[in-house]
>>> print(open('entry.pdb').read())   # PDB, C-alpha atoms and all ligand atoms
ATOM      1  CA  MET A 285       0.000   0.000   0.000  1.00  0.00           C
ATOM      2  CA  ARG A 286       1.319   3.424  -0.862  1.00  0.00           C
ATOM      3  CA  VAL A 287       1.267   6.071   1.784  1.00  0.00           C
ATOM      4  CA  LEU A 288       0.769   9.502   0.328  1.00  0.00           C
ATOM      5  CA  ARG A 289       2.553  12.224   2.193  1.00  0.00           C
ATOM      6  CA  ARG A 290       1.674  15.852   1.947  1.00  0.00           C
ATOM      7  CA  PRO A 291       4.667  17.773   0.579  1.00  0.00           C
ATOM      8  CA  PHE A 292       6.533  20.113   2.863  1.00  0.00           C
ATOM      9  CA  VAL A 293       4.924  23.544   3.054  1.00  0.00           C
ATOM     10  CA  ALA A 294       7.026  26.188   4.737  1.00  0.00           C
ATOM     11  CA  PRO A 295       5.178  28.045   7.472  1.00  0.00           C
ATOM     12  CA  ARG A 296       5.108  31.810   7.569  1.00  0.00           C
ATOM     13  CA  VAL A 297       7.578  32.819  10.258  1.00  0.00           C
ATOM     14  CA  TRP A 298       7.657  36.108  12.075  1.00  0.00           C
ATOM     15  CA  VAL A 299      10.313  37.241  14.508  1.00  0.00           C
ATOM     16  CA  THR A 300      10.082  40.298  16.722  1.00  0.00           C
ATOM     17  CA  ASP A 301      12.776  42.978  16.758  1.00  0.00           C
ATOM     18  CA  ASP A 302      13.025  42.330  20.492  1.00  0.00           C
ATOM     19  CA  ALA A 303      13.935  38.698  19.944  1.00  0.00           C
ATOM     20  CA  LEU A 304      16.513  39.553  17.254  1.00  0.00           C
ATOM     21  CA  ASN A 305      18.103  42.212  19.457  1.00  0.00           C
ATOM     22  CA  GLN A 306      18.230  39.817  22.400  1.00  0.00           C
ATOM     23  CA  LEU A 307      19.850  37.171  20.197  1.00  0.00           C
ATOM     24  CA  ALA A 308      22.582  39.533  19.014  1.00  0.00           C
ATOM     25  CA  ARG A 309      23.277  40.672  22.580  1.00  0.00           C
ATOM     26  CA  GLU A 310      23.569  37.112  23.906  1.00  0.00           C
ATOM     27  CA  ALA A 311      25.699  36.062  20.935  1.00  0.00           C
ATOM     28  CA  ASP A 312      28.078  39.014  21.477  1.00  0.00           C
ATOM     29  CA  LEU A 313      28.518  38.123  25.135  1.00  0.00           C
ATOM     30  CA  HIS A 314      30.289  34.854  24.364  1.00  0.00           C
ATOM     31  CA  THR A 315      31.801  35.195  20.907  1.00  0.00           C
ATOM     32  CA  PRO A 316      34.206  33.720  19.719  1.00  0.00           C
ATOM     33  CA  LEU A 317      32.774  30.898  21.806  1.00  0.00           C
ATOM     34  CA  GLU A 318      29.427  29.316  21.027  1.00  0.00           C
ATOM     35  CA  THR A 319      26.297  30.082  22.945  1.00  0.00           C
ATOM     36  CA  GLY A 320      22.617  29.374  22.549  1.00  0.00           C
ATOM     37  CA  GLY A 321      19.279  28.896  24.195  1.00  0.00           C
ATOM     38  CA  LEU A 322      15.565  28.509  23.608  1.00  0.00           C
ATOM     39  CA  LEU A 323      13.074  30.173  21.261  1.00  0.00           C
ATOM     40  CA  LEU A 324       9.676  31.148  22.654  1.00  0.00           C
ATOM     41  CA  GLY A 325       6.483  32.123  20.890  1.00  0.00           C
ATOM     42  CA  TYR A 326       3.504  30.408  19.381  1.00  0.00           C
ATOM     43  CA  TRP A 327       2.149  28.580  16.379  1.00  0.00           C
ATOM     44  CA  SER A 328      -1.190  29.316  14.803  1.00  0.00           C
ATOM     45  CA  SER A 329      -2.710  26.957  12.295  1.00  0.00           C
ATOM     46  CA  HIS A 330      -4.558  27.889   9.174  1.00  0.00           C
ATOM     47  CA  PRO A 331      -6.055  25.592   6.575  1.00  0.00           C
ATOM     48  CA  ARG A 332      -3.365  26.329   4.004  1.00  0.00           C
ATOM     49  CA  LYS A 333      -0.456  27.814   5.803  1.00  0.00           C
ATOM     50  CA  ASP A 334       0.755  27.634   9.376  1.00  0.00           C
ATOM     51  CA  GLU A 335       2.217  30.682  11.038  1.00  0.00           C
ATOM     52  CA  VAL A 336       4.677  30.926  13.843  1.00  0.00           C
ATOM     53  CA  LEU A 337       5.833  33.955  15.797  1.00  0.00           C
ATOM     54  CA  ILE A 338       9.172  33.970  17.585  1.00  0.00           C
ATOM     55  CA  GLU A 339       8.434  36.396  20.371  1.00  0.00           C
ATOM     56  CA  SER A 340      11.375  36.160  22.719  1.00  0.00           C
ATOM     57  CA  ILE A 341      14.328  34.018  23.646  1.00  0.00           C
ATOM     58  CA  ILE A 342      15.930  32.420  26.678  1.00  0.00           C
ATOM     59  CA  GLY A 343      19.708  32.559  27.046  1.00  0.00           C
ATOM     60  CA  PRO A 344      22.217  29.814  27.880  1.00  0.00           C
ATOM     61  CA  GLY A 345      22.021  30.160  31.672  1.00  0.00           C
ATOM     62  CA  PRO A 346      24.745  30.951  34.213  1.00  0.00           C
ATOM     63  CA  ASP A 347      26.259  27.450  34.365  1.00  0.00           C
ATOM     64  CA  ALA A 348      26.350  26.821  30.604  1.00  0.00           C
ATOM     65  CA  GLN A 349      29.651  25.647  29.138  1.00  0.00           C
ATOM     66  CA  HIS A 350      30.887  27.521  26.080  1.00  0.00           C
ATOM     67  CA  GLU A 351      33.499  26.208  23.659  1.00  0.00           C
ATOM     68  CA  ARG A 352      34.668  27.094  20.158  1.00  0.00           C
ATOM     69  CA  SER A 353      32.337  24.779  18.310  1.00  0.00           C
ATOM     70  CA  ARG A 354      29.891  23.506  20.881  1.00  0.00           C
ATOM     71  CA  PHE A 355      28.125  24.563  24.021  1.00  0.00           C
ATOM     72  CA  LYS A 356      26.171  22.902  26.774  1.00  0.00           C
ATOM     73  CA  PRO A 357      23.242  24.885  28.193  1.00  0.00           C
ATOM     74  CA  ASP A 358      22.356  25.244  31.848  1.00  0.00           C
ATOM     75  CA  ALA A 359      19.238  23.133  31.370  1.00  0.00           C
ATOM     76  CA  SER A 360      17.764  23.440  34.852  1.00  0.00           C
ATOM     77  CA  TRP A 361      18.036  27.244  34.741  1.00  0.00           C
ATOM     78  CA  GLN A 362      16.402  27.220  31.289  1.00  0.00           C
ATOM     79  CA  ARG A 363      13.552  25.029  32.543  1.00  0.00           C
ATOM     80  CA  GLN A 364      12.850  27.510  35.312  1.00  0.00           C
ATOM     81  CA  GLU A 365      12.951  30.463  32.904  1.00  0.00           C
ATOM     82  CA  LEU A 366      10.601  28.629  30.562  1.00  0.00           C
ATOM     83  CA  ALA A 367       8.169  27.884  33.382  1.00  0.00           C
ATOM     84  CA  ASP A 368       8.224  31.571  34.382  1.00  0.00           C
ATOM     85  CA  ALA A 369       7.648  32.688  30.773  1.00  0.00           C
ATOM     86  CA  ASP A 370       4.692  30.328  30.374  1.00  0.00           C
ATOM     87  CA  GLY A 371       3.116  31.651  33.535  1.00  0.00           C
ATOM     88  CA  ALA A 372       3.763  35.305  32.776  1.00  0.00           C
ATOM     89  CA  SER A 373       2.337  35.299  29.281  1.00  0.00           C
ATOM     90  CA  GLY A 374      -1.070  34.033  30.392  1.00  0.00           C
ATOM     91  CA  ARG A 375      -1.569  32.621  26.911  1.00  0.00           C
ATOM     92  CA  VAL A 376      -0.050  30.226  24.474  1.00  0.00           C
ATOM     93  CA  THR A 377       3.578  31.334  24.522  1.00  0.00           C
ATOM     94  CA  THR A 378       5.590  28.177  24.483  1.00  0.00           C
ATOM     95  CA  TYR A 379       8.847  26.492  23.609  1.00  0.00           C
ATOM     96  CA  LEU A 380       9.413  26.493  19.821  1.00  0.00           C
ATOM     97  CA  GLY A 381      12.928  25.143  19.518  1.00  0.00           C
ATOM     98  CA  ASP A 382      16.561  26.106  20.035  1.00  0.00           C
ATOM     99  CA  TRP A 383      19.008  28.745  18.853  1.00  0.00           C
ATOM    100  CA  HIS A 384      22.792  28.783  18.894  1.00  0.00           C
ATOM    101  CA  THR A 385      25.759  30.572  17.345  1.00  0.00           C
ATOM    102  CA  HIS A 386      28.436  29.572  14.851  1.00  0.00           C
ATOM    103  CA  PRO A 387      30.966  32.353  15.554  1.00  0.00           C
ATOM    104  CA  GLY A 388      33.125  33.100  12.514  1.00  0.00           C
ATOM    105  CA  SER A 389      31.308  30.510  10.448  1.00  0.00           C
ATOM    106  CA  VAL A 390      28.216  30.003   8.302  1.00  0.00           C
ATOM    107  CA  PRO A 391      24.746  29.614   9.850  1.00  0.00           C
ATOM    108  CA  ALA A 392      24.238  26.188   8.288  1.00  0.00           C
ATOM    109  CA  PRO A 393      23.293  23.194  10.432  1.00  0.00           C
ATOM    110  CA  SER A 394      26.097  20.779  11.200  1.00  0.00           C
ATOM    111  CA  ARG A 395      25.623  17.044  11.369  1.00  0.00           C
ATOM    112  CA  ARG A 396      25.399  17.360  15.139  1.00  0.00           C
ATOM    113  CA  ASP A 397      22.741  20.083  14.750  1.00  0.00           C
ATOM    114  CA  ARG A 398      20.630  17.715  12.654  1.00  0.00           C
ATOM    115  CA  ARG A 399      20.929  15.037  15.298  1.00  0.00           C
ATOM    116  CA  THR A 400      19.926  17.559  17.960  1.00  0.00           C
ATOM    117  CA  ALA A 401      16.850  18.646  15.985  1.00  0.00           C
ATOM    118  CA  ARG A 402      15.797  15.039  15.504  1.00  0.00           C
ATOM    119  CA  THR A 403      16.274  14.324  19.195  1.00  0.00           C
ATOM    120  CA  ILE A 404      14.121  17.319  20.142  1.00  0.00           C
ATOM    121  CA  ALA A 405      11.422  16.297  17.678  1.00  0.00           C
ATOM    122  CA  ARG A 406      11.325  12.796  19.128  1.00  0.00           C
ATOM    123  CA  ALA A 407      11.575  13.789  22.760  1.00  0.00           C
ATOM    124  CA  HIS A 408       8.832  16.400  22.573  1.00  0.00           C
ATOM    125  CA  ALA A 409       6.775  14.882  19.757  1.00  0.00           C
ATOM    126  CA  ALA A 410       3.494  15.591  21.497  1.00  0.00           C
ATOM    127  CA  ARG A 411       4.156  19.280  22.124  1.00  0.00           C
ATOM    128  CA  VAL A 412       6.876  20.226  19.612  1.00  0.00           C
ATOM    129  CA  PRO A 413       6.580  17.960  16.583  1.00  0.00           C
ATOM    130  CA  ARG A 414       8.309  20.527  14.365  1.00  0.00           C
ATOM    131  CA  PRO A 415      11.090  22.190  16.358  1.00  0.00           C
ATOM    132  CA  LEU A 416      12.756  25.327  15.023  1.00  0.00           C
ATOM    133  CA  MET A 417      16.511  25.681  14.967  1.00  0.00           C
ATOM    134  CA  LEU A 418      17.850  29.194  14.568  1.00  0.00           C
ATOM    135  CA  ILE A 419      21.563  29.527  13.866  1.00  0.00           C
ATOM    136  CA  LEU A 420      23.514  32.794  14.006  1.00  0.00           C
ATOM    137  CA  GLY A 421      26.641  32.783  11.871  1.00  0.00           C
ATOM    138  CA  GLY A 422      29.356  35.383  11.430  1.00  0.00           C
ATOM    139  CA  GLY A 423      29.417  37.725  14.363  1.00  0.00           C
ATOM    140  CA  ASP A 424      32.425  39.817  13.443  1.00  0.00           C
ATOM    141  CA  LYS A 425      32.335  43.602  13.308  1.00  0.00           C
ATOM    142  CA  ALA A 426      32.015  43.763   9.518  1.00  0.00           C
ATOM    143  CA  THR A 427      29.083  41.428   8.992  1.00  0.00           C
ATOM    144  CA  GLY A 428      27.330  41.298  12.335  1.00  0.00           C
ATOM    145  CA  TRP A 429      25.319  38.182  13.097  1.00  0.00           C
ATOM    146  CA  ILE A 430      23.569  36.420  10.239  1.00  0.00           C
ATOM    147  CA  PRO A 431      20.466  34.598  11.485  1.00  0.00           C
ATOM    148  CA  ARG A 432      19.121  31.669   9.535  1.00  0.00           C
ATOM    149  CA  LEU A 433      16.125  29.628  10.547  1.00  0.00           C
ATOM    150  CA  HIS A 434      15.598  25.915  10.029  1.00  0.00           C
ATOM    151  CA  LEU A 435      12.518  23.837  10.708  1.00  0.00           C
ATOM    152  CA  TRP A 436      12.517  20.112  11.443  1.00  0.00           C
ATOM    153  CA  ASP A 437       9.726  18.486   9.460  1.00  0.00           C
ATOM    154  CA  ARG A 438       9.260  15.078   7.873  1.00  0.00           C
ATOM    155  CA  GLY A 439      12.581  13.788   9.093  1.00  0.00           C
ATOM    156  CA  ARG A 440      14.861  16.624   8.066  1.00  0.00           C
ATOM    157  CA  LEU A 441      15.732  20.286   8.498  1.00  0.00           C
ATOM    158  CA  HIS A 442      14.344  22.794   5.995  1.00  0.00           C
ATOM    159  CA  GLU A 443      15.608  26.350   5.720  1.00  0.00           C
ATOM    160  CA  VAL A 444      12.719  28.777   6.127  1.00  0.00           C
ATOM    161  CA  GLU A 445      12.444  32.536   5.771  1.00  0.00           C
ATOM    162  CA  MET A 446      11.773  34.842   8.692  1.00  0.00           C
ATOM    163  CA  ARG A 447      10.116  38.232   8.581  1.00  0.00           C
ATOM    164  CA  ARG A 448      10.754  40.887  11.169  1.00  0.00           C
ATOM    165  CA  VAL A 449       7.897  42.456  13.078  1.00  0.00           C
ATOM    166  CA  ARG A 450       8.170  45.276  15.528  1.00  0.00           C
ATOM    167  CA  ASP A 451       5.904  43.816  18.155  1.00  0.00           C
ATOM    168  CA  ARG A 452       2.928  41.549  17.952  1.00  0.00           C
ATOM    169  CA  SER A 453       1.757  41.528  21.511  1.00  0.00           C
ATOM    170  CA  PRO A 454      -1.800  42.882  21.753  1.00  0.00           C
ATOM    171  CA  SER A 455      -1.010  45.153  24.671  1.00  0.00           C
ATOM    172  CA  GLY A 456       1.840  46.718  22.713  1.00  0.00           C
TER     173      GLY A 456
HETATM  174 ZN    ZN B 501      25.519  24.327  15.141  1.00  0.00          ZN
END
>>> encode(input="entry.pdb", output="structure tokens", more="lines below")
Ligand SMILES: [Zn+2]
Amino acid sequence: MRVLRRPFVAPRVWVTDDALNQLAREADLHTPLETGGLLLGYWSSHPRKDEVLIESIIGPGPDAQHERSRFKPDASWQRQELADADGASGRVTTYLGDWHTHPGSVPAPSRRDRRTARTIARAHAARVPRPLMLILGGGDKATGWIPRLHLWDRGRLHEVEMRRVRDRSPSG
């Protein structure tokens, strides 16, 4: 029996200026070492095209370990921050996926990044079936940070476009 699979349709992705500014600040703090953290926001589903808004981010945490080409987050600190963010938003703000830096390099996923995305997708399948992975490359004075977003779907990472928004929170 043939199983027909719907082709991949890229969601529409929005990212707030706040989140982008926070990302650049966190990335600058540790460069030329890697850093990273969590992406927060929410998905909304439409019949033809899903949308996702990256509203804010969570940093690496005080006990994270930073190296040239890898980093290990302070996971218990991040869990607490995530719990606080969920409570404070009073709505559907949730964990969307991870971000990390590739200082002095391209924002393309490494083999390890693909494994990480797959692990997240499997571990959180119920809540985060399609984790986002945002990578910031570059980071030197000339280029600044170059963000590139990837979405895990149907067993692999797809590069997807992001559009900046000033602020999408209803209270402004
Ligand atoms: Zn990476």
>>> resolve_selection(input="entry.pdb", expression="the PyMOL selection byres (((chain A and resi 299) around 10) and not hetatm)", output="ChimeraX atom specification")
/A:297-298,300-304,325,336-340,446-452
>>> residues_near_point(input="entry.pdb", point="(8.3, 30.3, 23.9)", cutoff="10 Å", atoms="all atoms listed in the file", output="list in words")
Leu322, Leu323, Leu324, Gly325, Tyr326, Trp327, Leu337, Ile338, Glu339, Ser340, Ile341, Ile342, Leu366, Ala367, Ala369, Asp370, Ser373, Val376, Thr377, Thr378, Tyr379, Leu380 and Gly381 of chain A
>>> residues_near_ligand(input="entry.pdb", ligand="ligand ZN 501 (chain B)", cutoff="7 Å", atoms="all atoms listed in the file", output="compact mmCIF listing (two decimals) with C-alpha atoms, keeping the file's coordinate frame")
# COMPACT_ATOMS: atom_id res chain seq x y z
CA HIS A 384 22.79 28.78 18.89
CA THR A 385 25.76 30.57 17.34
CA HIS A 386 28.44 29.57 14.85
CA PRO A 393 23.29 23.19 10.43
CA SER A 394 26.10 20.78 11.20
CA ARG A 396 25.40 17.36 15.14
CA ASP A 397 22.74 20.08 14.75
CA ILE A 419 21.56 29.53 13.87
>>> resolve_selection(input="entry.pdb", expression="the PyMOL selection byres (((chain A and resi 353) around 9) and not hetatm)", output="list of chain:residue names")
A:Leu317, A:Glu318, A:His350, A:Glu351, A:Arg352, A:Arg354, A:Phe355, A:Thr385, A:His386, A:Pro387
>>> closest_residue(input="entry.pdb", among="A:Thr400, A:Leu416, A:Asp382, A:Gly343", to="Arg309 in chain A", atoms="all atoms listed in the file")
A:Gly343
>>> closest_residue(input="entry.pdb", among="A:His442, A:Gly321, A:Ser329, A:Arg398", to="Ala359 in chain A", atoms="all atoms listed in the file")
A:Gly321
>>> atom_distance(input="entry.pdb", atom1="CA of Gly428 in chain A", atom2="CA of His314 in chain A")
14.0 Å
>>> resolve_selection(input="entry.pdb", expression="the PyMOL selection byres (((chain A and resi 432-440) around 8) and not hetatm)", output="PyMOL selection string")
chain A and resi 292+391-392+398+401-402+405+413-421+430-431+441-446
>>> closest_residue(input="entry.pdb", among="A:Lys425, A:Pro295, A:Ile404, A:Arg411", to="Glu335 in chain A", atoms="all atoms listed in the file")
A:Pro295
>>> atom_distance(input="entry.pdb", atom1="CA of Thr427 in chain A", atom2="CA of Arg399 in chain A")
28.3 Å
>>> atom_distance(input="entry.pdb", atom1="CA of Trp361 in chain A", atom2="CA of Gly345 in chain A")
5.8 Å
>>> axis_aligned_box(input="entry.pdb", around="range 417-425 of chain A", padding_each_side="5 Å", output="AutoDock Vina command-line options")
--center_x 24.5 --center_y 34.6 --center_z 13.2 --size_x 25.9 --size_y 27.9 --size_z 13.5
>>> closest_residue(input="entry.pdb", among="A:Pro357, A:Asp347, A:Pro291, A:Asn305", to="Gly320 in chain A", atoms="all atoms listed in the file")
A:Pro357
>>> closest_residue(input="entry.pdb", among="A:Val293, A:Ala372, A:Val390, A:Ala348", to="Gly423 in chain A", atoms="all atoms listed in the file")
A:Val390
>>> decode(input="entry.pdb", residues="range 331-420 of chain A", atoms="C-alpha atoms", output="PDB file, in the first residue's frame")
ATOM      1  CA  PRO A 331      -6.055  25.592   6.575  1.00  0.00           C
ATOM      2  CA  ARG A 332      -3.365  26.329   4.004  1.00  0.00           C
ATOM      3  CA  LYS A 333      -0.456  27.814   5.803  1.00  0.00           C
ATOM      4  CA  ASP A 334       0.755  27.634   9.376  1.00  0.00           C
ATOM      5  CA  GLU A 335       2.217  30.682  11.038  1.00  0.00           C
ATOM      6  CA  VAL A 336       4.677  30.926  13.843  1.00  0.00           C
ATOM      7  CA  LEU A 337       5.833  33.955  15.797  1.00  0.00           C
ATOM      8  CA  ILE A 338       9.172  33.970  17.585  1.00  0.00           C
ATOM      9  CA  GLU A 339       8.434  36.396  20.371  1.00  0.00           C
ATOM     10  CA  SER A 340      11.375  36.160  22.719  1.00  0.00           C
ATOM     11  CA  ILE A 341      14.328  34.018  23.646  1.00  0.00           C
ATOM     12  CA  ILE A 342      15.930  32.420  26.678  1.00  0.00           C
ATOM     13  CA  GLY A 343      19.708  32.559  27.046  1.00  0.00           C
ATOM     14  CA  PRO A 344      22.217  29.814  27.880  1.00  0.00           C
ATOM     15  CA  GLY A 345      22.021  30.160  31.672  1.00  0.00           C
ATOM     16  CA  PRO A 346      24.745  30.951  34.213  1.00  0.00           C
ATOM     17  CA  ASP A 347      26.259  27.450  34.365  1.00  0.00           C
ATOM     18  CA  ALA A 348      26.350  26.821  30.604  1.00  0.00           C
ATOM     19  CA  GLN A 349      29.651  25.647  29.138  1.00  0.00           C
ATOM     20  CA  HIS A 350      30.887  27.521  26.080  1.00  0.00           C
ATOM     21  CA  GLU A 351      33.499  26.208  23.659  1.00  0.00           C
ATOM     22  CA  ARG A 352      34.668  27.094  20.158  1.00  0.00           C
ATOM     23  CA  SER A 353      32.337  24.779  18.310  1.00  0.00           C
ATOM     24  CA  ARG A 354      29.891  23.506  20.881  1.00  0.00           C
ATOM     25  CA  PHE A 355      28.125  24.563  24.021  1.00  0.00           C
ATOM     26  CA  LYS A 356      26.171  22.902  26.774  1.00  0.00           C
ATOM     27  CA  PRO A 357      23.242  24.885  28.193  1.00  0.00           C
ATOM     28  CA  ASP A 358      22.356  25.244  31.848  1.00  0.00           C
ATOM     29  CA  ALA A 359      19.238  23.133  31.370  1.00  0.00           C
ATOM     30  CA  SER A 360      17.764  23.440  34.852  1.00  0.00           C
ATOM     31  CA  TRP A 361      18.036  27.244  34.741  1.00  0.00           C
ATOM     32  CA  GLN A 362      16.402  27.220  31.289  1.00  0.00           C
ATOM     33  CA  ARG A 363      13.552  25.029  32.543  1.00  0.00           C
ATOM     34  CA  GLN A 364      12.850  27.510  35.312  1.00  0.00           C
ATOM     35  CA  GLU A 365      12.951  30.463  32.904  1.00  0.00           C
ATOM     36  CA  LEU A 366      10.601  28.629  30.562  1.00  0.00           C
ATOM     37  CA  ALA A 367       8.169  27.884  33.382  1.00  0.00           C
ATOM     38  CA  ASP A 368       8.224  31.571  34.382  1.00  0.00           C
ATOM     39  CA  ALA A 369       7.648  32.688  30.773  1.00  0.00           C
ATOM     40  CA  ASP A 370       4.692  30.328  30.374  1.00  0.00           C
ATOM     41  CA  GLY A 371       3.116  31.651  33.535  1.00  0.00           C
ATOM     42  CA  ALA A 372       3.763  35.305  32.776  1.00  0.00           C
ATOM     43  CA  SER A 373       2.337  35.299  29.281  1.00  0.00           C
ATOM     44  CA  GLY A 374      -1.070  34.033  30.392  1.00  0.00           C
ATOM     45  CA  ARG A 375      -1.569  32.621  26.911  1.00  0.00           C
ATOM     46  CA  VAL A 376      -0.050  30.226  24.474  1.00  0.00           C
ATOM     47  CA  THR A 377       3.578  31.334  24.522  1.00  0.00           C
ATOM     48  CA  THR A 378       5.590  28.177  24.483  1.00  0.00           C
ATOM     49  CA  TYR A 379       8.847  26.492  23.609  1.00  0.00           C
ATOM     50  CA  LEU A 380       9.413  26.493  19.821  1.00  0.00           C
ATOM     51  CA  GLY A 381      12.928  25.143  19.518  1.00  0.00           C
ATOM     52  CA  ASP A 382      16.561  26.106  20.035  1.00  0.00           C
ATOM     53  CA  TRP A 383      19.008  28.745  18.853  1.00  0.00           C
ATOM     54  CA  HIS A 384      22.792  28.783  18.894  1.00  0.00           C
ATOM     55  CA  THR A 385      25.759  30.572  17.345  1.00  0.00           C
ATOM     56  CA  HIS A 386      28.436  29.572  14.851  1.00  0.00           C
ATOM     57  CA  PRO A 387      30.966  32.353  15.554  1.00  0.00           C
ATOM     58  CA  GLY A 388      33.125  33.100  12.514  1.00  0.00           C
ATOM     59  CA  SER A 389      31.308  30.510  10.448  1.00  0.00           C
ATOM     60  CA  VAL A 390      28.216  30.003   8.302  1.00  0.00           C
ATOM     61  CA  PRO A 391      24.746  29.614   9.850  1.00  0.00           C
ATOM     62  CA  ALA A 392      24.238  26.188   8.288  1.00  0.00           C
ATOM     63  CA  PRO A 393      23.293  23.194  10.432  1.00  0.00           C
ATOM     64  CA  SER A 394      26.097  20.779  11.200  1.00  0.00           C
ATOM     65  CA  ARG A 395      25.623  17.044  11.369  1.00  0.00           C
ATOM     66  CA  ARG A 396      25.399  17.360  15.139  1.00  0.00           C
ATOM     67  CA  ASP A 397      22.741  20.083  14.750  1.00  0.00           C
ATOM     68  CA  ARG A 398      20.630  17.715  12.654  1.00  0.00           C
ATOM     69  CA  ARG A 399      20.929  15.037  15.298  1.00  0.00           C
ATOM     70  CA  THR A 400      19.926  17.559  17.960  1.00  0.00           C
ATOM     71  CA  ALA A 401      16.850  18.646  15.985  1.00  0.00           C
ATOM     72  CA  ARG A 402      15.797  15.039  15.504  1.00  0.00           C
ATOM     73  CA  THR A 403      16.274  14.324  19.195  1.00  0.00           C
ATOM     74  CA  ILE A 404      14.121  17.319  20.142  1.00  0.00           C
ATOM     75  CA  ALA A 405      11.422  16.297  17.678  1.00  0.00           C
ATOM     76  CA  ARG A 406      11.325  12.796  19.128  1.00  0.00           C
ATOM     77  CA  ALA A 407      11.575  13.789  22.760  1.00  0.00           C
ATOM     78  CA  HIS A 408       8.832  16.400  22.573  1.00  0.00           C
ATOM     79  CA  ALA A 409       6.775  14.882  19.757  1.00  0.00           C
ATOM     80  CA  ALA A 410       3.494  15.591  21.497  1.00  0.00           C
ATOM     81  CA  ARG A 411       4.156  19.280  22.124  1.00  0.00           C
ATOM     82  CA  VAL A 412       6.876  20.226  19.612  1.00  0.00           C
ATOM     83  CA  PRO A 413       6.580  17.960  16.583  1.00  0.00           C
ATOM     84  CA  ARG A 414       8.309  20.527  14.365  1.00  0.00           C
ATOM     85  CA  PRO A 415      11.090  22.190  16.358  1.00  0.00           C
ATOM     86  CA  LEU A 416      12.756  25.327  15.023  1.00  0.00           C
ATOM     87  CA  MET A 417      16.511  25.681  14.967  1.00  0.00           C
ATOM     88  CA  LEU A 418      17.850  29.194  14.568  1.00  0.00           C
ATOM     89  CA  ILE A 419      21.563  29.527  13.866  1.00  0.00           C
ATOM     90  CA  LEU A 420      23.514  32.794  14.006  1.00  0.00           C
TER      91      LEU A 420
END
